[in-house]
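> One structure, pasted below without further comment.
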Amino acid sequence: MANVSDEDAAATEMSLSSNHEDWIKIQESLKKVLIEEDDFKWKLPNPKSTSSTQSIPIEEEEERELEELKYVGGFDVSFSKEDPSIACGSLVVLELPGMKVTYHDFSLVRLYVHYVPGFLAFREAPLLLDLLENMKKQANQFYPQLLMVDGNGVLHPRGFGLACHLGVLTDLPAIGIGKNLHHVDGLTQSGVIQLLKAKESSGEEFVTLMGRSGRTWGVAMRSTKVSSKPIFVSIGHRVSLDTAINIVKMTCKYRVPEPIRQADIISREHIRKSPNLVGILEIKSSDY
C-alpha cells in the first residue's frame with residue numbers, strides 16, 4: 001500500500017496532467033484564429049523619403065496615407081532569487097524612431113502556476129494581460145501598436161507560444177523573441193549556432209529555421225556584431241516573419257530589442273527594491 005507522501009505525489013502528478021490537457025485545448029482553440037501574415041494599419045518608419053515628381057503607383061499612394069509604426073510595447077517578467085514564486089511583470093512602450101520610453105508600468109505578483117516547458121503563457125500571460133488592460137482602461141495615448149514579447153511565437157512545440165497567446169488575446173500584432181531554442185521539428189540550438197558561425201564570413205545576420213518537415217519556424221539572428229549569442233525571432237500574431245525581422249533590426253541596440261531590454265531592466269529593478277512583498281496580487285491557474 002502506498003504511503004501518504006506517495007499518494008500526495010500521485011495526486012499532484014494527476015492534477016498537473018489534467019491541467020496540461022486543458023492547456024493544450026486552450027492553445028489549439030486560440031491557434032485557430034492566429035494570423036501569420038501582415039495584418040495591420042500602419043507602415044514601418046522609412047528613413048529614405050522620396051521627393052520624386054514621377055507618377056506614383058496607387059499602392060504606394062495608399063501606403064503613404066498610412067500612419068507609421070510609432071509605439072512599440074515590450075513585455076518581460078523577472079523572478080525573485082529568494083522566492084521563485086514572486087514575480088515582477090513590466091510593460092514598457094517605446095516611441096520610434098528614437099526609442100524613447102513613453103510609458104512603463106509594473107506589477108508584483110505571487111504565482112502559483114509552476115513553469116512547464118511549452119506552457120509559459122499559463123504562468124505569465126495573465127500578469128502581462130493585466131498590465132495591458134490597465135493601460136487600455138486609461139485610454140492612454142501611448143497604447144502600443146505592436147507587442148514584442150520575451151518568449152517564443154510559432155517557434156513552439158505546438159506552434160503557439162507566449163507571443164501568440166498575447167497577440168491573439170489582445171488582437172495586437174506581436175513578435176516572439178526567444179533566448180533559447182525549442183527543439184522543434186529536428187531543430188537544435190547547437191546545430192543552429194554552427195550554421196550562424198558558418199555564415200559569419202559572408203556577413204549574413206541570421207539563418208532561417210526550417211525544420212525537417214520543410215516548415216519555416218522563424219530565424220536565429222545575431223542582432224549586433226558584438227553579440228555572441230543569437231536570439232530566436234518568430235511570428236506572434238498579425239505580423240509576417242519578414243516584417244518581424246525588419247522590426248527587430250530596427251529596435252536592437254544590444255542582443256535583445258530595446259522594448260524588451262527596457263522592460264527587463266524595470267522588472268529586475270522592482271524585484272530588487274521590493275523586499276517587503278506583503279499584499280501583492282496572487283495569480284493562480286484558475287485566473288487564466
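The chains in the C-alpha cells are called A, B, ... from first to last as shown; in each chain the residues are counted from 1, and the ligands are counted from 1 in the order shown.
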Could you pull out the strand (DSSP E) residues of stretch 51-233 of chain A from DSSP and send them as a ChimeraX atom specification?
/A:67-68,71-79,86-95,100-111,146-149,174-178,206-210,216-221,231-233
> What is the atom CA of A:Leu187 to atom CA of A:Leu120 distance in Å?
19.8 Å
> Work out how far atom CA of A:Gly151 is from atom CA of A:Thr188, in Å to one decimal.
17.1 Å
> Residues of stretch 108-205 of chain A that have any atom at most 7 Å from an atom of stretch 216-232 of chain A: could you tabulate them with the shortest-distance atom pair and the distance in Å to one decimal, using only C-alpha atoms, ordered by chain and increasing number, as JSON lines?

{"residue": "A:Val154", "atom": "CA", "partner": "A:Trp217", "partner_atom": "CA", "distance": 6.4}
{"residue": "A:Leu155", "atom": "CA", "partner": "A:Trp217", "partner_atom": "CA", "distance": 5.2}
{"residue": "A:Ile177", "atom": "CA", "partner": "A:Phe232", "partner_atom": "CA", "distance": 5.6}
{"residue": "A:Gly178", "atom": "CA", "partner": "A:Phe232", "partner_atom": "CA", "distance": 4.8}
{"residue": "A:Lys179", "atom": "CA", "partner": "A:Ile231", "partner_atom": "CA", "distance": 5.1}
{"residue": "A:Leu181", "atom": "CA", "partner": "A:Phe232", "partner_atom": "CA", "distance": 6.8}
{"residue": "A:Glu205", "atom": "CA", "partner": "A:Arg222", "partner_atom": "CA", "distance": 5.7}
> Suppose we keep N, CA, C and O atoms; can you now write the selection as a PDB file, in the first residue's frame?

ATOM      1  N   VAL A 154       5.394  31.285 -32.904  1.00  0.00           N
ATOM      2  CA  VAL A 154       5.088  29.981 -33.508  1.00  0.00           C
ATOM      3  C   VAL A 154       6.255  29.004 -33.376  1.00  0.00           C
ATOM      4  O   VAL A 154       6.086  27.802 -33.626  1.00  0.00           O
ATOM      5  N   LEU A 155       7.416  29.483 -32.986  1.00  0.00           N
ATOM      6  CA  LEU A 155       8.566  28.614 -32.738  1.00  0.00           C
ATOM      7  C   LEU A 155       8.352  27.914 -31.400  1.00  0.00           C
ATOM      8  O   LEU A 155       8.903  28.292 -30.358  1.00  0.00           O
ATOM      9  N   ILE A 177      10.364  36.851 -29.254  1.00  0.00           N
ATOM     10  CA  ILE A 177      11.828  36.925 -29.188  1.00  0.00           C
ATOM     11  C   ILE A 177      12.289  35.929 -28.126  1.00  0.00           C
ATOM     12  O   ILE A 177      12.150  36.174 -26.926  1.00  0.00           O
ATOM     13  N   GLY A 178      12.806  34.801 -28.549  1.00  0.00           N
ATOM     14  CA  GLY A 178      13.279  33.790 -27.607  1.00  0.00           C
ATOM     15  C   GLY A 178      14.788  33.856 -27.434  1.00  0.00           C
ATOM     16  O   GLY A 178      15.518  34.184 -28.375  1.00  0.00           O
ATOM     17  N   LYS A 179      15.254  33.553 -26.222  1.00  0.00           N
ATOM     18  CA  LYS A 179      16.697  33.493 -25.971  1.00  0.00           C
ATOM     19  C   LYS A 179      17.198  32.063 -26.078  1.00  0.00           C
ATOM     20  O   LYS A 179      18.399  31.821 -26.173  1.00  0.00           O
ATOM     21  N   LEU A 181      16.243  28.065 -27.871  1.00  0.00           N
ATOM     22  CA  LEU A 181      15.528  27.427 -28.973  1.00  0.00           C
ATOM     23  C   LEU A 181      14.788  26.186 -28.505  1.00  0.00           C
ATOM     24  O   LEU A 181      15.381  25.293 -27.895  1.00  0.00           O
ATOM     25  N   GLU A 205      23.297  37.974 -41.253  1.00  0.00           N
ATOM     26  CA  GLU A 205      22.989  38.208 -39.845  1.00  0.00           C
ATOM     27  C   GLU A 205      22.102  37.134 -39.232  1.00  0.00           C
ATOM     28  O   GLU A 205      21.985  37.058 -38.021  1.00  0.00           O
TER      29      GLU A 205
END
> Name the closest residue to A:Asp130 among the candidates A:Tyr103, A:Tyr112, A:Trp23, A:Phe75; distances are taken between atoms, counting only C-alpha atoms.
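Distance minimum relative to A:Asp130 lands on A:Phe75.
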> For A:Leu96, which residue among A:Val33, A:Val72, A:Ile271, A:Leu111 is the nearest when counting only C-alpha atoms?
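Of the candidates, the smallest distance to A:Leu96 is held by A:Val72.
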> When you draw a straight line from atom CA of A:Gly73 to atom CA of A:Leu131, how long is it in Å?
11.2 Å
> Within 12 Å of A:Ile26, counting only C-alpha atoms, which residues qualify if same-chain residues fewer than 6 places away don't, as a list in words?
Asn19, His20, Lys32, Val33, Phe119, Ala121, Phe122, Arg158, Phe160, Gly161, His165, Val168, Leu169 and Tyr288 of chain A
> Need to verify the contact set: A:Ile175, 12 Å, only C-alpha atoms, exclusion of same-chain residues closer than 2 positions in sequence. Can you return it as a short mmCIF file (atom, residue, chain, number, x, y, z; two decimals) with N, CA and C atoms, in the first residue's frame?

data_model
loop_
_atom_site.label_atom_id
_atom_site.label_comp_id
_atom_site.auth_asym_id
_atom_site.auth_seq_id
_atom_site.Cartn_x
_atom_site.Cartn_y
_atom_site.Cartn_z
N ILE A 35 -3.07 34.66 -36.97
CA ILE A 35 -2.78 35.22 -38.29
C ILE A 35 -1.28 35.33 -38.45
N GLU A 36 -0.70 34.68 -39.47
CA GLU A 36 0.74 34.63 -39.66
C GLU A 36 1.20 35.47 -40.85
N GLU A 37 0.49 36.53 -41.13
CA GLU A 37 0.88 37.45 -42.20
C GLU A 37 0.62 38.88 -41.73
N ASP A 38 1.13 39.85 -42.50
CA ASP A 38 0.94 41.25 -42.12
C ASP A 38 -0.54 41.60 -42.16
N VAL A 72 5.80 50.95 -29.68
CA VAL A 72 6.08 49.52 -29.60
C VAL A 72 6.16 49.12 -28.13
N GLY A 73 5.37 48.14 -27.75
CA GLY A 73 5.37 47.67 -26.38
C GLY A 73 6.31 46.50 -26.18
N GLY A 74 6.96 46.46 -25.02
CA GLY A 74 7.83 45.34 -24.66
C GLY A 74 7.39 44.75 -23.34
N PHE A 75 7.36 43.42 -23.25
CA PHE A 75 6.95 42.72 -22.04
C PHE A 75 8.10 41.92 -21.49
N GLN A 145 1.06 49.83 -30.67
CA GLN A 145 0.56 49.32 -31.96
C GLN A 145 1.10 47.93 -32.23
N LEU A 146 2.13 47.55 -31.49
CA LEU A 146 2.81 46.28 -31.70
C LEU A 146 3.40 45.82 -30.37
N LEU A 147 3.39 44.50 -30.14
CA LEU A 147 3.98 43.93 -28.94
C LEU A 147 5.23 43.13 -29.30
N MET A 148 6.29 43.33 -28.52
CA MET A 148 7.48 42.50 -28.62
C MET A 148 7.58 41.74 -27.30
N VAL A 149 7.60 40.42 -27.39
CA VAL A 149 7.44 39.57 -26.21
C VAL A 149 8.69 38.75 -25.94
N ASP A 150 9.09 38.74 -24.66
CA ASP A 150 10.22 37.92 -24.24
C ASP A 150 9.74 36.47 -24.14
N GLY A 151 9.60 35.84 -25.27
CA GLY A 151 9.09 34.47 -25.35
C GLY A 151 8.81 34.15 -26.81
N ASN A 152 8.68 32.87 -27.10
CA ASN A 152 8.51 32.45 -28.49
C ASN A 152 7.10 32.66 -29.03
N GLY A 153 7.02 32.74 -30.35
CA GLY A 153 5.73 32.80 -31.03
C GLY A 153 5.40 31.41 -31.58
N VAL A 154 5.39 31.28 -32.90
CA VAL A 154 5.09 29.98 -33.51
C VAL A 154 6.26 29.00 -33.38
N LEU A 155 7.42 29.48 -32.99
CA LEU A 155 8.57 28.61 -32.74
C LEU A 155 8.35 27.91 -31.40
N PHE A 160 2.43 27.53 -30.90
CA PHE A 160 1.63 28.59 -30.26
C PHE A 160 2.23 28.94 -28.90
N GLY A 161 3.26 29.78 -28.93
CA GLY A 161 3.93 30.19 -27.70
C GLY A 161 3.33 31.44 -27.08
N LEU A 162 4.06 31.98 -26.10
CA LEU A 162 3.58 33.14 -25.33
C LEU A 162 3.23 34.33 -26.21
N ALA A 163 4.07 34.62 -27.20
CA ALA A 163 3.81 35.77 -28.08
C ALA A 163 2.52 35.58 -28.87
N CYS A 164 2.23 34.35 -29.27
CA CYS A 164 0.96 34.08 -29.97
C CYS A 164 -0.22 34.27 -29.03
N HIS A 165 -0.09 33.76 -27.81
CA HIS A 165 -1.15 33.93 -26.81
C HIS A 165 -1.51 35.39 -26.63
N LEU A 166 -0.48 36.20 -26.35
CA LEU A 166 -0.72 37.61 -26.08
C LEU A 166 -1.24 38.33 -27.31
N GLY A 167 -0.72 37.99 -28.47
CA GLY A 167 -1.19 38.62 -29.70
C GLY A 167 -2.65 38.33 -29.98
N VAL A 168 -3.03 37.06 -29.88
CA VAL A 168 -4.42 36.67 -30.16
C VAL A 168 -5.37 37.24 -29.12
N LEU A 172 -3.49 42.26 -31.03
CA LEU A 172 -2.44 43.18 -31.44
C LEU A 172 -1.37 42.42 -32.23
N PRO A 173 -0.76 43.06 -33.22
CA PRO A 173 0.39 42.44 -33.87
C PRO A 173 1.47 42.14 -32.82
N ILE A 177 10.36 36.85 -29.25
CA ILE A 177 11.83 36.92 -29.19
C ILE A 177 12.29 35.93 -28.13
N GLY A 178 12.81 34.80 -28.55
CA GLY A 178 13.28 33.79 -27.61
C GLY A 178 14.79 33.86 -27.43
N GLY A 218 10.94 30.28 -37.98
CA GLY A 218 11.43 31.60 -37.56
C GLY A 218 12.84 31.77 -38.05
N VAL A 219 13.60 32.64 -37.37
CA VAL A 219 15.01 32.82 -37.71
C VAL A 219 15.83 32.90 -36.43
N PHE A 232 16.08 34.25 -31.10
CA PHE A 232 15.25 33.46 -32.00
C PHE A 232 13.93 34.20 -32.22
N VAL A 233 13.76 34.66 -33.45
CA VAL A 233 12.62 35.52 -33.80
C VAL A 233 11.56 34.69 -34.51
N SER A 234 10.31 34.85 -34.08
CA SER A 234 9.23 34.13 -34.75
C SER A 234 7.94 34.97 -34.74
N ILE A 235 7.04 34.60 -35.60
CA ILE A 235 5.74 35.28 -35.70
C ILE A 235 4.96 35.08 -34.41
N GLY A 236 4.37 36.19 -33.91
CA GLY A 236 3.47 36.10 -32.77
C GLY A 236 2.04 36.13 -33.27
N HIS A 237 1.66 37.20 -33.95
CA HIS A 237 0.29 37.35 -34.46
C HIS A 237 0.25 38.59 -35.35
N ARG A 238 -0.39 38.46 -36.52
CA ARG A 238 -0.67 39.58 -37.42
C ARG A 238 0.58 40.28 -37.96
N VAL A 239 1.72 39.56 -37.94
CA VAL A 239 2.96 40.09 -38.48
C VAL A 239 3.67 38.97 -39.23
N SER A 240 4.11 39.24 -40.44
CA SER A 240 4.86 38.23 -41.20
C SER A 240 6.27 38.12 -40.64
N LEU A 241 6.95 37.04 -40.98
CA LEU A 241 8.31 36.85 -40.49
C LEU A 241 9.24 37.93 -41.04
N ASP A 242 9.09 38.30 -42.31
CA ASP A 242 9.93 39.35 -42.90
C ASP A 242 9.78 40.67 -42.15
N THR A 243 8.54 41.02 -41.82
CA THR A 243 8.30 42.26 -41.09
C THR A 243 8.88 42.17 -39.68
N ALA A 244 8.71 41.01 -39.06
CA ALA A 244 9.26 40.81 -37.72
C ALA A 244 10.77 41.01 -37.71
N ILE A 245 11.45 40.46 -38.71
CA ILE A 245 12.91 40.61 -38.81
C ILE A 245 13.29 42.08 -38.96
N ASN A 246 12.58 42.81 -39.81
CA ASN A 246 12.87 44.23 -40.02
C ASN A 246 12.69 45.04 -38.74
N ILE A 247 11.63 44.74 -37.99
CA ILE A 247 11.37 45.49 -36.75
C ILE A 247 12.41 45.16 -35.69
N VAL A 248 12.81 43.91 -35.61
CA VAL A 248 13.86 43.53 -34.66
C VAL A 248 15.16 44.26 -34.99
N PRO A 257 15.87 43.23 -28.54
CA PRO A 257 15.27 44.52 -28.92
C PRO A 257 15.06 45.42 -27.71
N PRO A 259 12.68 47.47 -26.61
CA PRO A 259 11.48 47.42 -25.77
C PRO A 259 11.55 46.31 -24.72
N ILE A 260 12.05 45.14 -25.10
CA ILE A 260 12.17 44.03 -24.15
C ILE A 260 13.30 44.30 -23.16
#
> Name the residues in contact with A:Pro84 at a cut-off of 10 Å, using only C-alpha atoms, excluding same-chain residues fewer than 3 positions from it; report them as an mmCIF file with C-alpha atoms, in the first residue's frame.

data_model
loop_
_atom_site.group_PDB
_atom_site.id
_atom_site.type_symbol
_atom_site.label_atom_id
_atom_site.label_comp_id
_atom_site.auth_asym_id
_atom_site.auth_seq_id
_atom_site.Cartn_x
_atom_site.Cartn_y
_atom_site.Cartn_z
ATOM 1 C CA SER A 78 11.579 38.768 -13.615
ATOM 2 C CA PHE A 79 11.601 36.458 -10.601
ATOM 3 C CA SER A 80 12.870 36.827 -7.048
ATOM 4 C CA LYS A 81 16.040 34.864 -6.302
ATOM 5 C CA ALA A 87 7.456 37.756 -9.974
ATOM 6 C CA ARG A 110 2.829 35.701 -6.383
ATOM 7 C CA LEU A 111 2.461 32.959 -8.972
ATOM 8 C CA HIS A 114 4.776 26.411 -11.948
#
> For A:His270, list every protein, DNA or RNA residue within 9 Å, evaluated using only C-alpha atoms, and leave out those in the same chain fewer than 5 positions away; present the list as a ChimeraX atom specification.
/A:88,106-108,265
> Could you name the residues that touch A:Lys70 at 10 Å or less, counting only C-alpha atoms, but leaving out those on the same chain fewer than 6 positions away, as a ChimeraX atom specification?
/A:42-45,93-99,142,144-146
> Can you spit out the residues from that selection as an mmCIF file, in the first residue's frame, using C-alpha atoms?

data_model
loop_
_atom_site.group_PDB
_atom_site.id
_atom_site.type_symbol
_atom_site.label_atom_id
_atom_site.label_comp_id
_atom_site.auth_asym_id
_atom_site.auth_seq_id
_atom_site.Cartn_x
_atom_site.Cartn_y
_atom_site.Cartn_z
ATOM 1 C CA TRP A 42 0.495 51.158 -40.114
ATOM 2 C CA LYS A 43 3.748 51.101 -42.035
ATOM 3 C CA LEU A 44 7.337 50.796 -40.902
ATOM 4 C CA PRO A 45 9.281 54.053 -40.492
ATOM 5 C CA VAL A 93 6.251 51.403 -24.522
ATOM 6 C CA LEU A 94 8.943 52.980 -26.678
ATOM 7 C CA GLU A 95 8.412 55.617 -29.331
ATOM 8 C CA LEU A 96 10.067 55.080 -32.695
ATOM 9 C CA PRO A 97 12.372 56.048 -34.255
ATOM 10 C CA GLY A 98 14.275 57.462 -31.258
ATOM 11 C CA MET A 99 13.231 54.606 -28.922
ATOM 12 C CA PHE A 142 0.816 55.588 -25.936
ATOM 13 C CA PRO A 144 1.166 50.063 -28.300
ATOM 14 C CA GLN A 145 0.559 49.324 -31.956
ATOM 15 C CA LEU A 146 2.814 46.279 -31.695
#
> Run DSSP on the backbone of this structure and report the residues of stretch 222-277 of chain A it assigns to helix (DSSP H, G or I), as a PDB file with N, CA and C atoms, in the first residue's frame.

ATOM      1  N   LEU A 241       6.951  37.044 -40.978  1.00  0.00           N
ATOM      2  CA  LEU A 241       8.313  36.852 -40.489  1.00  0.00           C
ATOM      3  C   LEU A 241       9.245  37.926 -41.043  1.00  0.00           C
ATOM      4  N   ASP A 242       9.085  38.304 -42.309  1.00  0.00           N
ATOM      5  CA  ASP A 242       9.933  39.345 -42.896  1.00  0.00           C
ATOM      6  C   ASP A 242       9.781  40.671 -42.151  1.00  0.00           C
ATOM      7  N   THR A 243       8.538  41.016 -41.824  1.00  0.00           N
ATOM      8  CA  THR A 243       8.300  42.260 -41.090  1.00  0.00           C
ATOM      9  C   THR A 243       8.876  42.170 -39.685  1.00  0.00           C
ATOM     10  N   ALA A 244       8.711  41.011 -39.059  1.00  0.00           N
ATOM     11  CA  ALA A 244       9.260  40.808 -37.719  1.00  0.00           C
ATOM     12  C   ALA A 244      10.773  41.014 -37.713  1.00  0.00           C
ATOM     13  N   ILE A 245      11.453  40.463 -38.711  1.00  0.00           N
ATOM     14  CA  ILE A 245      12.910  40.610 -38.813  1.00  0.00           C
ATOM     15  C   ILE A 245      13.289  42.080 -38.958  1.00  0.00           C
ATOM     16  N   ASN A 246      12.579  42.810 -39.811  1.00  0.00           N
ATOM     17  CA  ASN A 246      12.870  44.232 -40.016  1.00  0.00           C
ATOM     18  C   ASN A 246      12.691  45.044 -38.740  1.00  0.00           C
ATOM     19  N   ILE A 247      11.634  44.737 -37.990  1.00  0.00           N
ATOM     20  CA  ILE A 247      11.371  45.485 -36.750  1.00  0.00           C
ATOM     21  C   ILE A 247      12.413  45.163 -35.693  1.00  0.00           C
ATOM     22  N   VAL A 248      12.813  43.908 -35.615  1.00  0.00           N
ATOM     23  CA  VAL A 248      13.859  43.529 -34.656  1.00  0.00           C
ATOM     24  C   VAL A 248      15.159  44.260 -34.990  1.00  0.00           C
ATOM     25  N   LYS A 249      15.537  44.282 -36.244  1.00  0.00           N
ATOM     26  CA  LYS A 249      16.750  45.004 -36.651  1.00  0.00           C
ATOM     27  C   LYS A 249      16.653  46.487 -36.286  1.00  0.00           C
ATOM     28  N   MET A 250      15.472  47.030 -36.465  1.00  0.00           N
ATOM     29  CA  MET A 250      15.244  48.450 -36.230  1.00  0.00           C
ATOM     30  C   MET A 250      15.342  48.825 -34.748  1.00  0.00           C
ATOM     31  N   THR A 251      15.065  47.865 -33.865  1.00  0.00           N
ATOM     32  CA  THR A 251      14.948  48.179 -32.433  1.00  0.00           C
ATOM     33  C   THR A 251      16.054  47.575 -31.585  1.00  0.00           C
ATOM     34  N   GLU A 258      15.186  46.702 -27.935  1.00  0.00           N
ATOM     35  CA  GLU A 258      15.162  47.677 -26.848  1.00  0.00           C
ATOM     36  C   GLU A 258      13.872  47.656 -26.029  1.00  0.00           C
ATOM     37  N   PRO A 259      12.682  47.469 -26.611  1.00  0.00           N
ATOM     38  CA  PRO A 259      11.480  47.418 -25.770  1.00  0.00           C
ATOM     39  C   PRO A 259      11.545  46.308 -24.722  1.00  0.00           C
ATOM     40  N   ILE A 260      12.050  45.142 -25.102  1.00  0.00           N
ATOM     41  CA  ILE A 260      12.173  44.035 -24.152  1.00  0.00           C
ATOM     42  C   ILE A 260      13.299  44.301 -23.162  1.00  0.00           C
ATOM     43  N   ARG A 261      14.405  44.847 -23.627  1.00  0.00           N
ATOM     44  CA  ARG A 261      15.533  45.133 -22.733  1.00  0.00           C
ATOM     45  C   ARG A 261      15.140  46.137 -21.653  1.00  0.00           C
ATOM     46  N   GLN A 262      14.406  47.180 -22.047  1.00  0.00           N
ATOM     47  CA  GLN A 262      13.972  48.174 -21.068  1.00  0.00           C
ATOM     48  C   GLN A 262      12.971  47.578 -20.073  1.00  0.00           C
ATOM     49  N   ALA A 263      12.076  46.712 -20.580  1.00  0.00           N
ATOM     50  CA  ALA A 263      11.124  46.046 -19.684  1.00  0.00           C
ATOM     51  C   ALA A 263      11.848  45.153 -18.688  1.00  0.00           C
ATOM     52  N   ASP A 264      12.898  44.492 -19.141  1.00  0.00           N
ATOM     53  CA  ASP A 264      13.704  43.632 -18.267  1.00  0.00           C
ATOM     54  C   ASP A 264      14.390  44.454 -17.181  1.00  0.00           C
ATOM     55  N   ILE A 265      14.937  45.600 -17.547  1.00  0.00           N
ATOM     56  CA  ILE A 265      15.612  46.475 -16.575  1.00  0.00           C
ATOM     57  C   ILE A 265      14.639  46.898 -15.482  1.00  0.00           C
ATOM     58  N   ILE A 266      13.419  47.290 -15.880  1.00  0.00           N
ATOM     59  CA  ILE A 266      12.432  47.773 -14.920  1.00  0.00           C
ATOM     60  C   ILE A 266      11.963  46.647 -14.003  1.00  0.00           C
ATOM     61  N   SER A 267      11.682  45.474 -14.562  1.00  0.00           N
ATOM     62  CA  SER A 267      11.191  44.362 -13.729  1.00  0.00           C
ATOM     63  C   SER A 267      12.257  43.917 -12.735  1.00  0.00           C
ATOM     64  N   ARG A 268      13.515  43.860 -13.151  1.00  0.00           N
ATOM     65  CA  ARG A 268      14.600  43.481 -12.247  1.00  0.00           C
ATOM     66  C   ARG A 268      14.782  44.514 -11.139  1.00  0.00           C
ATOM     67  N   GLU A 269      14.658  45.774 -11.503  1.00  0.00           N
ATOM     68  CA  GLU A 269      14.833  46.847 -10.529  1.00  0.00           C
ATOM     69  C   GLU A 269      13.783  46.769  -9.423  1.00  0.00           C
ATOM     70  N   HIS A 270      12.531  46.531  -9.791  1.00  0.00           N
ATOM     71  CA  HIS A 270      11.467  46.484  -8.784  1.00  0.00           C
ATOM     72  C   HIS A 270      11.537  45.226  -7.936  1.00  0.00           C
ATOM     73  N   ILE A 271      11.985  44.110  -8.509  1.00  0.00           N
ATOM     74  CA  ILE A 271      12.195  42.902  -7.699  1.00  0.00           C
ATOM     75  C   ILE A 271      13.269  43.166  -6.652  1.00  0.00           C
ATOM     76  N   ARG A 272      14.328  43.842  -7.050  1.00  0.00           N
ATOM     77  CA  ARG A 272      15.452  44.109  -6.157  1.00  0.00           C
ATOM     78  C   ARG A 272      15.096  45.122  -5.070  1.00  0.00           C
ATOM     79  N   LYS A 273      14.253  46.096  -5.408  1.00  0.00           N
ATOM     80  CA  LYS A 273      13.932  47.168  -4.466  1.00  0.00           C
ATOM     81  C   LYS A 273      12.731  46.868  -3.587  1.00  0.00           C
TER      82      LYS A 273
END
